[in-house]
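Next comes run20.txt, with compact mmCIF, C-alpha atoms and all ligand atoms.
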# COMPACT_ATOMS: atom_id res chain seq x y z
CA MET A 9 140.68 34.29 -2.14
CA LYS A 10 142.75 32.06 -4.36
CA ILE A 11 140.93 30.20 -7.13
CA LEU A 12 142.54 27.60 -9.40
CA VAL A 13 141.33 27.67 -13.00
CA THR A 14 142.42 24.54 -14.87
CA GLY A 15 142.39 25.04 -18.62
CA GLY A 16 142.46 28.76 -17.88
CA LEU A 17 144.11 29.65 -21.19
CA GLY A 18 141.27 28.08 -23.19
CA PHE A 19 138.19 29.77 -24.60
CA ILE A 20 135.84 29.66 -21.61
CA GLY A 21 138.64 29.40 -19.03
CA SER A 22 140.34 32.65 -20.09
CA HIS A 23 137.08 34.63 -20.01
CA THR A 24 136.35 33.17 -16.57
CA ALA A 25 139.83 34.11 -15.31
CA VAL A 26 139.09 37.70 -16.37
CA GLU A 27 135.72 37.79 -14.61
CA LEU A 28 137.21 36.24 -11.45
CA GLN A 29 139.94 38.87 -11.37
CA ASN A 30 137.36 41.61 -12.02
CA ALA A 31 135.47 40.29 -9.00
CA GLY A 32 138.61 40.53 -6.83
CA PHE A 33 139.71 36.88 -6.76
CA GLU A 34 143.33 35.83 -7.03
CA VAL A 35 143.61 33.46 -9.99
CA ILE A 36 146.07 30.63 -10.61
CA ILE A 37 145.92 28.99 -14.00
CA ILE A 38 147.04 25.49 -14.92
CA ASP A 39 147.10 24.66 -18.61
CA ASP A 40 149.11 22.20 -20.70
CA CYS A 41 148.82 24.48 -23.77
CA SER A 42 147.80 21.48 -25.91
CA ASN A 43 144.92 23.49 -27.33
CA SER A 44 145.83 27.01 -26.20
CA SER A 45 148.68 29.47 -26.10
CA GLU A 46 150.65 31.20 -23.34
CA LYS A 47 149.95 34.45 -25.22
CA VAL A 48 146.43 34.33 -23.78
CA LEU A 49 148.03 35.41 -20.49
CA ASP A 50 148.91 38.73 -22.15
CA GLY A 51 145.27 39.19 -23.17
CA ILE A 52 144.08 38.55 -19.60
CA THR A 53 146.71 40.97 -18.29
CA SER A 54 145.77 43.74 -20.73
CA ILE A 55 142.10 43.49 -19.80
CA THR A 56 142.45 43.27 -16.02
CA GLY A 57 145.87 44.82 -15.34
CA ILE A 58 146.78 41.67 -13.40
CA THR A 59 148.82 38.71 -14.63
CA PRO A 60 147.46 35.53 -13.07
CA LEU A 61 149.92 32.99 -11.69
CA PHE A 62 150.48 30.33 -14.31
CA GLU A 63 151.84 26.78 -14.23
CA LYS A 64 152.19 24.79 -17.41
CA MET A 65 151.27 21.31 -16.32
CA ASP A 66 149.79 18.05 -17.55
CA LEU A 67 147.10 17.15 -15.02
CA ARG A 68 147.35 13.48 -16.02
CA ASP A 69 150.59 13.40 -14.01
CA LYS A 70 149.30 12.53 -10.56
CA SER A 71 152.53 13.33 -8.72
CA GLU A 72 152.60 16.78 -10.35
CA VAL A 73 149.03 17.39 -9.24
CA GLN A 74 149.98 16.35 -5.69
CA ARG A 75 153.02 18.63 -5.74
CA PHE A 76 150.94 21.56 -6.99
CA PHE A 77 148.30 21.28 -4.25
CA LYS A 78 150.95 20.85 -1.52
CA LYS A 79 152.51 24.09 -2.70
CA HIS A 80 149.16 25.91 -2.99
CA SER A 81 147.27 24.48 -0.03
CA ASP A 82 145.52 27.84 0.45
CA ILE A 83 143.41 27.41 -2.70
CA GLU A 84 139.75 27.97 -1.77
CA GLY A 85 138.10 26.85 -4.98
CA VAL A 86 138.77 25.08 -8.26
CA ILE A 87 137.07 25.67 -11.60
CA HIS A 88 137.91 22.65 -13.71
CA PHE A 89 137.82 23.39 -17.44
CA ALA A 90 140.87 21.40 -18.56
CA ALA A 91 139.56 18.72 -20.93
CA SER A 92 139.58 17.57 -24.51
CA LYS A 93 136.45 18.65 -26.35
CA ALA A 94 136.39 17.51 -29.99
CA VAL A 95 133.47 15.14 -30.45
CA GLY A 96 134.83 13.49 -33.63
CA GLU A 97 138.33 13.03 -32.17
CA SER A 98 136.83 11.42 -29.08
CA VAL A 99 135.27 8.71 -31.27
CA GLU A 100 138.72 8.02 -32.80
CA LYS A 101 140.64 8.18 -29.52
CA PRO A 102 138.31 7.16 -26.67
CA LEU A 103 141.06 6.25 -24.21
CA LEU A 104 142.73 9.62 -24.65
CA TYR A 105 139.41 11.30 -23.82
CA TYR A 106 138.67 9.12 -20.80
CA GLU A 107 142.21 9.69 -19.51
CA ASN A 108 142.27 13.44 -20.16
CA ASN A 109 138.81 14.19 -18.92
CA LEU A 110 138.36 11.73 -16.07
CA ASN A 111 141.77 10.90 -14.55
CA THR A 112 142.46 14.62 -14.17
CA LEU A 113 139.14 15.16 -12.41
CA ILE A 114 139.80 12.27 -10.02
CA TYR A 115 143.31 13.52 -9.15
CA ILE A 116 141.99 17.03 -8.48
CA LEU A 117 139.16 15.74 -6.28
CA GLN A 118 141.61 13.57 -4.32
CA GLU A 119 143.81 16.57 -3.64
CA ILE A 120 141.14 19.17 -2.83
CA LEU A 121 139.66 16.79 -0.25
CA LYS A 122 142.93 17.22 1.69
CA LEU A 123 142.57 21.02 1.70
CA LYS A 124 140.77 23.24 4.17
CA TYR A 125 138.30 24.23 1.43
CA SER A 126 137.01 21.59 -0.98
CA ASN A 127 135.04 23.61 -3.53
CA ILE A 128 134.77 22.75 -7.20
CA ILE A 129 132.87 23.92 -10.27
CA PHE A 130 132.77 21.38 -13.10
CA SER A 131 132.38 22.16 -16.82
CA SER A 132 129.55 20.03 -18.01
CA SER A 133 127.50 20.28 -21.16
CA CYS A 134 123.94 20.22 -22.46
CA THR A 135 125.18 17.24 -24.47
CA VAL A 136 124.19 15.11 -21.42
CA TYR A 137 120.50 15.61 -22.37
CA GLY A 138 120.90 14.30 -25.94
CA GLN A 139 117.69 15.04 -27.86
CA ALA A 140 115.51 16.02 -24.92
CA ASP A 141 111.82 15.13 -25.12
CA THR A 142 110.57 18.60 -24.19
CA MET A 143 111.80 22.14 -24.74
CA PRO A 144 113.07 24.20 -23.02
CA ILE A 145 115.26 21.71 -21.16
CA THR A 146 115.15 21.74 -17.38
CA GLU A 147 117.81 20.22 -15.13
CA ASP A 148 115.36 17.40 -14.33
CA ALA A 149 115.30 16.19 -17.93
CA PRO A 150 116.71 12.67 -18.14
CA VAL A 151 120.34 12.19 -19.03
CA LYS A 152 120.33 10.23 -22.30
CA PRO A 153 122.92 7.65 -23.42
CA ALA A 154 125.95 9.58 -24.66
CA GLU A 155 126.48 9.88 -28.42
CA SER A 156 130.27 10.02 -28.13
CA PRO A 157 133.12 9.31 -25.69
CA TYR A 158 133.39 13.10 -25.21
CA GLY A 159 129.73 13.30 -24.13
CA ASN A 160 130.22 10.25 -21.94
CA THR A 161 133.13 11.90 -20.11
CA LYS A 162 130.80 14.76 -19.15
CA GLN A 163 128.17 12.33 -17.84
CA ILE A 164 130.71 10.21 -15.96
CA GLY A 165 132.45 13.34 -14.65
CA GLU A 166 129.16 14.48 -13.13
CA GLU A 167 128.62 11.01 -11.63
CA ILE A 168 132.10 10.94 -10.11
CA ILE A 169 131.44 14.25 -8.40
CA ARG A 170 127.90 13.32 -7.32
CA ASP A 171 129.04 10.01 -5.79
CA THR A 172 131.95 11.68 -4.01
CA CYS A 173 129.70 14.43 -2.64
CA LYS A 174 127.34 11.79 -1.20
CA VAL A 175 130.01 10.44 1.13
CA THR A 176 131.97 13.67 1.63
CA PRO A 177 129.84 16.42 3.20
CA ASN A 178 132.85 18.71 3.20
CA LEU A 179 132.98 18.69 -0.61
CA GLN A 180 130.89 21.42 -2.25
CA ALA A 181 130.39 21.05 -6.00
CA ILE A 182 128.41 22.55 -8.84
CA SER A 183 128.18 21.21 -12.40
CA LEU A 184 127.36 23.85 -14.98
CA ARG A 185 125.76 22.43 -18.12
CA TYR A 186 126.70 24.82 -20.89
CA PHE A 187 124.63 25.29 -23.99
CA ASN A 188 126.49 26.73 -27.03
CA PRO A 189 129.15 29.27 -26.03
CA MET A 190 130.17 31.87 -28.62
CA GLY A 191 131.67 35.34 -28.88
CA ALA A 192 134.67 37.00 -27.32
CA HIS A 193 135.59 39.63 -24.76
CA SER A 194 134.43 43.12 -25.82
CA SER A 195 138.08 44.30 -25.81
CA ALA A 196 138.90 41.68 -28.50
CA MET A 197 141.97 40.81 -26.39
CA ILE A 198 140.83 37.21 -25.84
CA GLY A 199 138.46 34.97 -27.80
CA GLU A 200 138.06 31.57 -29.40
CA LEU A 201 141.12 30.11 -31.13
CA PRO A 202 140.06 26.90 -32.87
CA VAL A 203 142.90 24.71 -34.09
CA GLY A 204 142.52 23.79 -37.77
CA VAL A 205 139.12 23.78 -39.44
CA PRO A 206 136.46 24.83 -36.90
CA GLN A 207 133.83 22.20 -36.14
CA ASN A 208 131.50 24.66 -34.42
CA LEU A 209 129.14 26.96 -36.26
CA VAL A 210 130.14 30.45 -35.12
CA PRO A 211 133.92 30.26 -35.70
CA PHE A 212 133.22 28.67 -39.09
CA ILE A 213 130.94 31.59 -39.96
CA THR A 214 133.42 34.29 -38.88
CA GLN A 215 136.31 32.53 -40.65
CA THR A 216 134.21 32.36 -43.82
CA GLY A 217 133.31 36.03 -43.41
CA VAL A 218 136.96 37.00 -43.17
CA GLY A 219 137.87 34.91 -46.23
CA LEU A 220 139.74 32.11 -44.51
CA ARG A 221 137.10 29.57 -45.53
CA GLU A 222 135.38 29.49 -48.88
CA GLN A 223 131.88 28.55 -47.85
CA LEU A 224 129.84 27.47 -44.84
CA SER A 225 127.93 24.22 -45.19
CA VAL A 226 124.58 24.34 -43.42
CA PHE A 227 123.92 20.82 -42.22
CA GLY A 228 120.33 20.12 -43.21
CA ASP A 229 117.24 22.27 -43.82
CA ASP A 230 114.63 19.55 -43.53
CA TYR A 231 114.38 19.38 -39.74
CA PRO A 232 111.00 19.95 -38.09
CA THR A 233 111.82 23.56 -37.10
CA PRO A 234 110.41 26.87 -38.42
CA ASP A 235 113.04 27.22 -41.18
CA GLY A 236 114.17 23.59 -41.32
CA THR A 237 117.58 24.14 -39.69
CA CYS A 238 118.64 23.00 -36.21
CA ILE A 239 117.99 25.07 -33.11
CA ARG A 240 120.58 25.77 -30.41
CA ASP A 241 120.91 28.11 -27.45
CA TYR A 242 123.89 30.38 -28.19
CA ILE A 243 125.30 32.07 -25.10
CA HIS A 244 127.87 34.86 -24.99
CA VAL A 245 131.05 33.48 -23.42
CA VAL A 246 131.27 36.48 -21.06
CA ASP A 247 127.78 35.70 -19.70
CA LEU A 248 128.89 32.09 -19.29
CA ALA A 249 132.09 33.20 -17.52
CA LYS A 250 130.06 35.31 -15.09
CA ALA A 251 127.93 32.26 -14.26
CA HIS A 252 131.11 30.59 -12.96
CA VAL A 253 131.87 33.52 -10.69
CA VAL A 254 128.39 33.49 -9.12
CA ALA A 255 128.46 29.69 -8.80
CA MET A 256 131.82 29.87 -7.03
CA LYS A 257 130.57 32.62 -4.71
CA ARG A 258 127.53 30.48 -3.92
CA ILE A 259 129.64 27.64 -2.56
CA LEU A 260 132.26 29.87 -0.95
CA ASN A 261 129.50 31.72 0.91
CA LYS A 262 127.74 28.42 1.73
CA ASN A 263 124.56 29.55 -0.01
CA ASN A 264 124.20 26.22 -1.78
CA LYS A 265 121.19 24.08 -0.86
CA GLU A 266 122.92 20.72 -1.35
CA ASN A 267 126.60 19.89 -1.58
CA TYR A 268 126.13 18.82 -5.21
CA GLU A 269 124.07 21.01 -7.53
CA VAL A 270 123.53 21.22 -11.28
CA PHE A 271 122.58 24.28 -13.32
CA ASN A 272 121.83 24.89 -16.97
CA VAL A 273 123.73 27.84 -18.39
CA GLY A 274 122.11 29.18 -21.53
CA THR A 275 120.06 32.18 -22.63
CA GLY A 276 116.74 30.36 -22.57
CA SER A 277 116.00 30.98 -26.22
CA GLY A 278 116.84 28.98 -29.29
CA SER A 279 118.10 30.19 -32.67
CA THR A 280 118.18 28.31 -35.94
CA VAL A 281 121.34 28.06 -38.05
CA LEU A 282 119.79 30.48 -40.58
CA GLU A 283 119.03 32.97 -37.80
CA VAL A 284 122.65 32.79 -36.68
CA ILE A 285 123.77 33.45 -40.26
CA SER A 286 121.46 36.44 -40.57
CA SER A 287 122.76 37.81 -37.26
CA PHE A 288 126.27 37.57 -38.73
CA GLU A 289 125.17 39.35 -41.91
CA LYS A 290 123.53 42.09 -39.88
CA VAL A 291 126.45 42.87 -37.57
CA SER A 292 129.20 42.42 -40.17
CA LYS A 293 127.25 44.07 -43.02
CA LYS A 294 128.58 41.27 -45.23
CA SER A 295 126.72 38.57 -47.02
CA LEU A 296 127.87 35.08 -46.08
CA ASN A 297 128.67 32.47 -48.69
CA TYR A 298 126.80 29.37 -47.56
CA LYS A 299 125.02 26.39 -49.01
CA ILE A 300 122.60 23.85 -47.65
CA VAL A 301 124.04 20.34 -47.53
CA GLY A 302 122.90 17.06 -45.95
CA ARG A 303 122.42 16.53 -42.24
CA ARG A 304 125.49 15.97 -40.04
CA ASP A 305 125.59 12.60 -38.28
CA GLY A 306 124.75 12.81 -34.61
CA ASP A 307 123.15 16.29 -34.72
CA ILE A 308 120.12 16.76 -32.55
CA ILE A 309 117.21 18.83 -33.85
CA SER A 310 116.79 21.27 -31.03
CA ALA A 311 118.30 22.17 -27.66
CA TYR A 312 117.65 25.26 -25.59
CA ALA A 313 117.73 25.80 -21.87
CA ASP A 314 115.15 26.45 -19.24
CA THR A 315 117.24 28.81 -17.12
CA THR A 316 114.72 29.32 -14.31
CA LYS A 317 116.89 27.48 -11.76
CA ALA A 318 120.02 29.52 -12.52
CA ASN A 319 118.01 32.77 -12.65
CA LYS A 320 116.46 32.07 -9.26
CA GLU A 321 119.18 30.30 -7.32
CA LEU A 322 122.28 31.96 -8.74
CA ASN A 323 120.58 35.28 -9.39
CA TRP A 324 122.23 35.09 -12.79
CA LYS A 325 120.83 35.72 -16.24
CA ALA A 326 122.46 35.92 -19.66
CA GLU A 327 122.51 39.57 -20.69
CA SER A 328 123.83 39.64 -24.26
CA SER A 329 121.69 39.18 -27.33
CA LEU A 330 122.70 36.94 -30.22
CA ASP A 331 123.67 40.06 -32.22
CA GLN A 332 125.88 41.38 -29.41
CA ALA A 333 127.59 38.01 -29.04
CA MET A 334 128.01 37.78 -32.82
CA LYS A 335 129.46 41.30 -33.00
CA SER A 336 132.08 40.35 -30.39
CA ALA A 337 132.95 37.15 -32.31
CA TRP A 338 133.32 39.18 -35.50
CA ASP A 339 135.46 41.92 -33.89
CA TRP A 340 137.74 39.20 -32.51
CA GLU A 341 138.03 37.43 -35.87
CA ILE A 342 138.97 40.69 -37.59
CA LYS A 343 141.50 41.53 -34.88
CA ILE A 344 143.33 38.17 -35.05
CA ARG A 345 143.50 38.19 -38.84
CA SER A 346 144.76 41.79 -39.14
C1 LIG B 1 128.81 20.68 -30.39
C2 LIG B 1 129.09 19.34 -29.80
C3 LIG B 1 128.77 19.38 -28.33
C4 LIG B 1 129.56 20.46 -27.64
C5 LIG B 1 129.27 21.78 -28.32
C6 LIG B 1 130.16 22.85 -27.74
C7 LIG B 1 128.67 17.80 -31.63
C8 LIG B 1 127.77 16.69 -32.14
N1 LIG B 1 128.30 18.34 -30.46
O1 LIG B 1 127.42 20.93 -30.29
O2 LIG B 1 129.04 18.13 -27.74
O3 LIG B 1 129.20 20.51 -26.29
O4 LIG B 1 129.53 21.68 -29.70
O5 LIG B 1 130.01 24.06 -28.37
O6 LIG B 1 129.64 18.15 -32.24
N2 LIG B 1 126.47 23.66 -38.16
C9 LIG B 1 126.41 23.86 -39.54
N3 LIG B 1 127.59 23.99 -40.22
C10 LIG B 1 128.81 23.93 -39.61
C11 LIG B 1 128.86 23.72 -38.21
C12 LIG B 1 127.66 23.58 -37.52
O7 LIG B 1 125.33 23.93 -40.12
O8 LIG B 1 129.82 24.03 -40.30
C13 LIG B 1 125.21 23.53 -37.41
C14 LIG B 1 125.06 22.19 -36.71
O9 LIG B 1 124.42 21.28 -37.53
C15 LIG B 1 124.23 22.59 -35.50
C16 LIG B 1 124.64 24.03 -35.21
O10 LIG B 1 125.24 24.51 -36.39
O11 LIG B 1 122.87 22.60 -35.86
C17 LIG B 1 125.61 24.15 -34.05
O12 LIG B 1 126.69 23.25 -34.29
P1 LIG B 1 127.99 23.23 -33.36
O13 LIG B 1 128.53 24.60 -33.22
O14 LIG B 1 128.90 22.18 -33.89
O15 LIG B 1 127.43 22.84 -31.91
P2 LIG B 1 126.60 21.55 -31.44
O16 LIG B 1 126.45 20.56 -32.51
O17 LIG B 1 125.35 22.06 -30.81

Using the file provided, produce a representation of the structure as structure tokens.
Ligand code: UD1
Amino acid sequence: MKILVTGGLGFIGSHTAVELQNAGFEVIIIDDCSNSSEKVLDGITSITGITPLFEKMDLRDKSEVQRFFKKHSDIEGVIHFAASKAVGESVEKPLLYYENNLNTLIYILQEILKLKYSNIIFSSSCTVYGQADTMPITEDAPVKPAESPYGNTKQIGEEIIRDTCKVTPNLQAISLRYFNPMGAHSSAMIGELPVGVPQNLVPFITQTGVGLREQLSVFGDDYPTPDGTCIRDYIHVVDLAKAHVVAMKRILNKNNKENYEVFNVGTGSGSTVLEVISSFEKVSKKSLNYKIVGRRDGDIISAYADTTKANKELNWKAESSLDQAMKSAWDWEIKIRS
């Protein structure tokens, strides 16, 4: 079965391509390499022994998207990762984000509706919940007004798919709402490759540990949490990748209950920033240079998933601990800097 992975050279996309190939799927990757490198293909090949088909393409070019799907009309499912994801940049360049994240989704939906199989998994985010009123967060929690154009593209993306599913029974779709992905493949052949100064916590920690950054700033220790720092649900990227494989199998095997479904993908437990730092210190046997600074604008206090629905319906559960995920992130950081 042929599965298209858009953004398949990116962080989550590349790990998902590996898990799809491990599960016996034929993978085609589209990526524009704007935030990734063709070298990632070598990593996927070394892990799986198979080089996925690859087309370098800008999905904002509608005629290119049409050409691609005419050529590959036997595609049975699409996992759509390709998107811009920097929250701060999205505030500066809203139109770029709406174009990159929404036009591409619309073009793909238009084309897969012409195929024999119209199956799609969409990369959504726990950002749609904002600061949820109760923890852990279930899929029924209200979607809150988006804090940024990036967050809004995830909400609107879900709405585009939901509305299309309503009038198109043939379309089968699942949105996966990711919590905080981290880590790397255990082989250290693929991992996260942030461009410039990392905005996310874990790559900033590992880059500080390896000496590339001087010091980690911990954004606030006066939140109403056990140690005063924010709580997030950090999920190993390989666990997250496996969730895509089971979600795709669910729609391919017609085990889905409705033609549009939403699942949280997290571990179900929250960790504070200081707990993440101590996990790093434990697995790396290094002490991390950090200091407490003021709160970061737009940060929510706490977000962790209720994963009951994914556990039950997808028969999926995150397996790695925070320490295991951190160890993989650290091994990867050491490997790319050596
Ligand atoms: C961020 C994005 C979110 C996106 C997610 C993907 C924002 C506001 N949100 O979420 O939309 O889906 O990444 O992974 O950017 N921290 C520090 N020091 C740092 C970096 C982070 O203390 O240098 C803290 C933050 O305050 C936060 C936690 O670490 O409490 C996690 O931060 P981050 O990795 O940026 O993820 P989110 O803010 O949860």

### Query
Out of A:Thr161, A:Thr56, A:Asn111, A:Asn188, which residue has the shortest atom-to-atom distance to Cys134 in chain A when counting only C-alpha atoms?
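The shortest atom-to-atom distance to Cys134 in chain A comes from A:Asn188.
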
### Query
Around (126.9, 10.0, -24.4) in the file's own coordinates, what residues are found within 10 Å if you use only C-alpha atoms, given back as JSON, numbers by chain?
{"A": [135, 136, 137, 138, 151, 152, 153, 154, 155, 156, 157, 158, 159, 160, 161, 162, 163, 164]}

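Restricting the calculation to all atoms listed in the file, the smallest distance between Gly96 in chain A and any of A:Pro232, A:Gly16, A:Pro211, A:Pro206 is found for A:Pro206.
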
### Message
How would you report the residues lying within 6 Å of ligand LIG 1 (chain B), as JSON, numbers by chain, if you count all atoms listed in the file?
### Response
{"A": [95, 133, 135, 188, 189, 207, 208, 209, 212, 224, 225, 226, 227, 238, 281, 304, 306, 307]}

### Query
In terms of the shortest atom-to-atom distance over all atoms listed in the file, which of A:Cys41, A:Ala196, A:Ile52, A:Ile116 is closest to Ser22 in chain A?
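The closest residue to Ser22 in chain A is A:Ile52.
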
Can you complete the atoms of range 118-137 of chain A to N, CA, C and O atoms and list them as a PDB file, in the coordinates of the input?
ATOM      1  N   GLN A 118     140.827  14.184  -5.402  1.00  0.00           N
ATOM      2  CA  GLN A 118     141.610  13.570  -4.320  1.00  0.00           C
ATOM      3  C   GLN A 118     142.412  14.620  -3.563  1.00  0.00           C
ATOM      4  O   GLN A 118     142.515  14.580  -2.341  1.00  0.00           O
ATOM      5  N   GLU A 119     142.968  15.561  -4.298  1.00  0.00           N
ATOM      6  CA  GLU A 119     143.810  16.570  -3.640  1.00  0.00           C
ATOM      7  C   GLU A 119     143.002  17.632  -2.918  1.00  0.00           C
ATOM      8  O   GLU A 119     143.370  18.051  -1.821  1.00  0.00           O
ATOM      9  N   ILE A 120     141.870  18.085  -3.525  1.00  0.00           N
ATOM     10  CA  ILE A 120     141.140  19.170  -2.830  1.00  0.00           C
ATOM     11  C   ILE A 120     140.472  18.648  -1.553  1.00  0.00           C
ATOM     12  O   ILE A 120     140.225  19.428  -0.641  1.00  0.00           O
ATOM     13  N   LEU A 121     140.252  17.327  -1.485  1.00  0.00           N
ATOM     14  CA  LEU A 121     139.660  16.790  -0.250  1.00  0.00           C
ATOM     15  C   LEU A 121     140.648  16.877   0.920  1.00  0.00           C
ATOM     16  O   LEU A 121     140.243  16.788   2.076  1.00  0.00           O
ATOM     17  N   LYS A 122     141.936  17.078   0.608  1.00  0.00           N
ATOM     18  CA  LYS A 122     142.930  17.220   1.690  1.00  0.00           C
ATOM     19  C   LYS A 122     143.047  18.674   2.146  1.00  0.00           C
ATOM     20  O   LYS A 122     143.720  18.974   3.124  1.00  0.00           O
ATOM     21  N   LEU A 123     142.416  19.595   1.386  1.00  0.00           N
ATOM     22  CA  LEU A 123     142.570  21.020   1.700  1.00  0.00           C
ATOM     23  C   LEU A 123     141.539  21.464   2.737  1.00  0.00           C
ATOM     24  O   LEU A 123     140.573  20.759   3.023  1.00  0.00           O
ATOM     25  N   LYS A 124     141.740  22.675   3.239  1.00  0.00           N
ATOM     26  CA  LYS A 124     140.770  23.240   4.170  1.00  0.00           C
ATOM     27  C   LYS A 124     139.439  23.482   3.453  1.00  0.00           C
ATOM     28  O   LYS A 124     138.369  23.272   4.005  1.00  0.00           O
ATOM     29  N   TYR A 125     139.513  23.959   2.203  1.00  0.00           N
ATOM     30  CA  TYR A 125     138.300  24.230   1.430  1.00  0.00           C
ATOM     31  C   TYR A 125     138.226  23.301   0.223  1.00  0.00           C
ATOM     32  O   TYR A 125     139.143  23.303  -0.598  1.00  0.00           O
ATOM     33  N   SER A 126     137.154  22.528   0.138  1.00  0.00           N
ATOM     34  CA  SER A 126     137.010  21.590  -0.980  1.00  0.00           C
ATOM     35  C   SER A 126     135.834  22.047  -1.839  1.00  0.00           C
ATOM     36  O   SER A 126     134.711  21.546  -1.686  1.00  0.00           O
ATOM     37  N   ASN A 127     136.095  23.015  -2.699  1.00  0.00           N
ATOM     38  CA  ASN A 127     135.040  23.610  -3.530  1.00  0.00           C
ATOM     39  C   ASN A 127     135.403  23.454  -4.993  1.00  0.00           C
ATOM     40  O   ASN A 127     136.507  23.809  -5.402  1.00  0.00           O
ATOM     41  N   ILE A 128     134.458  22.944  -5.779  1.00  0.00           N
ATOM     42  CA  ILE A 128     134.770  22.750  -7.200  1.00  0.00           C
ATOM     43  C   ILE A 128     133.566  23.054  -8.105  1.00  0.00           C
ATOM     44  O   ILE A 128     132.419  22.725  -7.767  1.00  0.00           O
ATOM     45  N   ILE A 129     133.866  23.710  -9.214  1.00  0.00           N
ATOM     46  CA  ILE A 129     132.870  23.920 -10.270  1.00  0.00           C
ATOM     47  C   ILE A 129     133.337  23.086 -11.467  1.00  0.00           C
ATOM     48  O   ILE A 129     134.499  23.194 -11.886  1.00  0.00           O
ATOM     49  N   PHE A 130     132.419  22.281 -12.002  1.00  0.00           N
ATOM     50  CA  PHE A 130     132.770  21.380 -13.100  1.00  0.00           C
ATOM     51  C   PHE A 130     132.100  21.837 -14.392  1.00  0.00           C
ATOM     52  O   PHE A 130     130.916  22.159 -14.410  1.00  0.00           O
ATOM     53  N   SER A 131     132.883  21.826 -15.477  1.00  0.00           N
ATOM     54  CA  SER A 131     132.380  22.160 -16.820  1.00  0.00           C
ATOM     55  C   SER A 131     131.622  21.003 -17.390  1.00  0.00           C
ATOM     56  O   SER A 131     132.234  20.053 -17.877  1.00  0.00           O
ATOM     57  N   SER A 132     130.310  21.078 -17.348  1.00  0.00           N
ATOM     58  CA  SER A 132     129.550  20.030 -18.010  1.00  0.00           C
ATOM     59  C   SER A 132     128.900  20.618 -19.259  1.00  0.00           C
ATOM     60  O   SER A 132     129.236  21.741 -19.668  1.00  0.00           O
ATOM     61  N   SER A 133     128.005  19.874 -19.851  1.00  0.00           N
ATOM     62  CA  SER A 133     127.500  20.280 -21.160  1.00  0.00           C
ATOM     63  C   SER A 133     126.057  19.839 -21.334  1.00  0.00           C
ATOM     64  O   SER A 133     125.643  18.797 -20.794  1.00  0.00           O
ATOM     65  N   CYS A 134     125.316  20.601 -22.144  1.00  0.00           N
ATOM     66  CA  CYS A 134     123.940  20.220 -22.460  1.00  0.00           C
ATOM     67  C   CYS A 134     123.917  18.928 -23.272  1.00  0.00           C
ATOM     68  O   CYS A 134     122.860  18.335 -23.468  1.00  0.00           O
ATOM     69  N   THR A 135     125.087  18.495 -23.729  1.00  0.00           N
ATOM     70  CA  THR A 135     125.180  17.240 -24.470  1.00  0.00           C
ATOM     71  C   THR A 135     124.663  16.068 -23.623  1.00  0.00           C
ATOM     72  O   THR A 135     124.232  15.050 -24.162  1.00  0.00           O
ATOM     73  N   VAL A 136     124.665  16.211 -22.279  1.00  0.00           N
ATOM     74  CA  VAL A 136     124.190  15.110 -21.420  1.00  0.00           C
ATOM     75  C   VAL A 136     122.700  14.838 -21.637  1.00  0.00           C
ATOM     76  O   VAL A 136     122.224  13.740 -21.358  1.00  0.00           O
ATOM     77  N   TYR A 137     121.941  15.811 -22.158  1.00  0.00           N
ATOM     78  CA  TYR A 137     120.500  15.610 -22.370  1.00  0.00           C
ATOM     79  C   TYR A 137     120.196  14.896 -23.695  1.00  0.00           C
ATOM     80  O   TYR A 137     119.063  14.463 -23.897  1.00  0.00           O
TER      81      TYR A 137
END
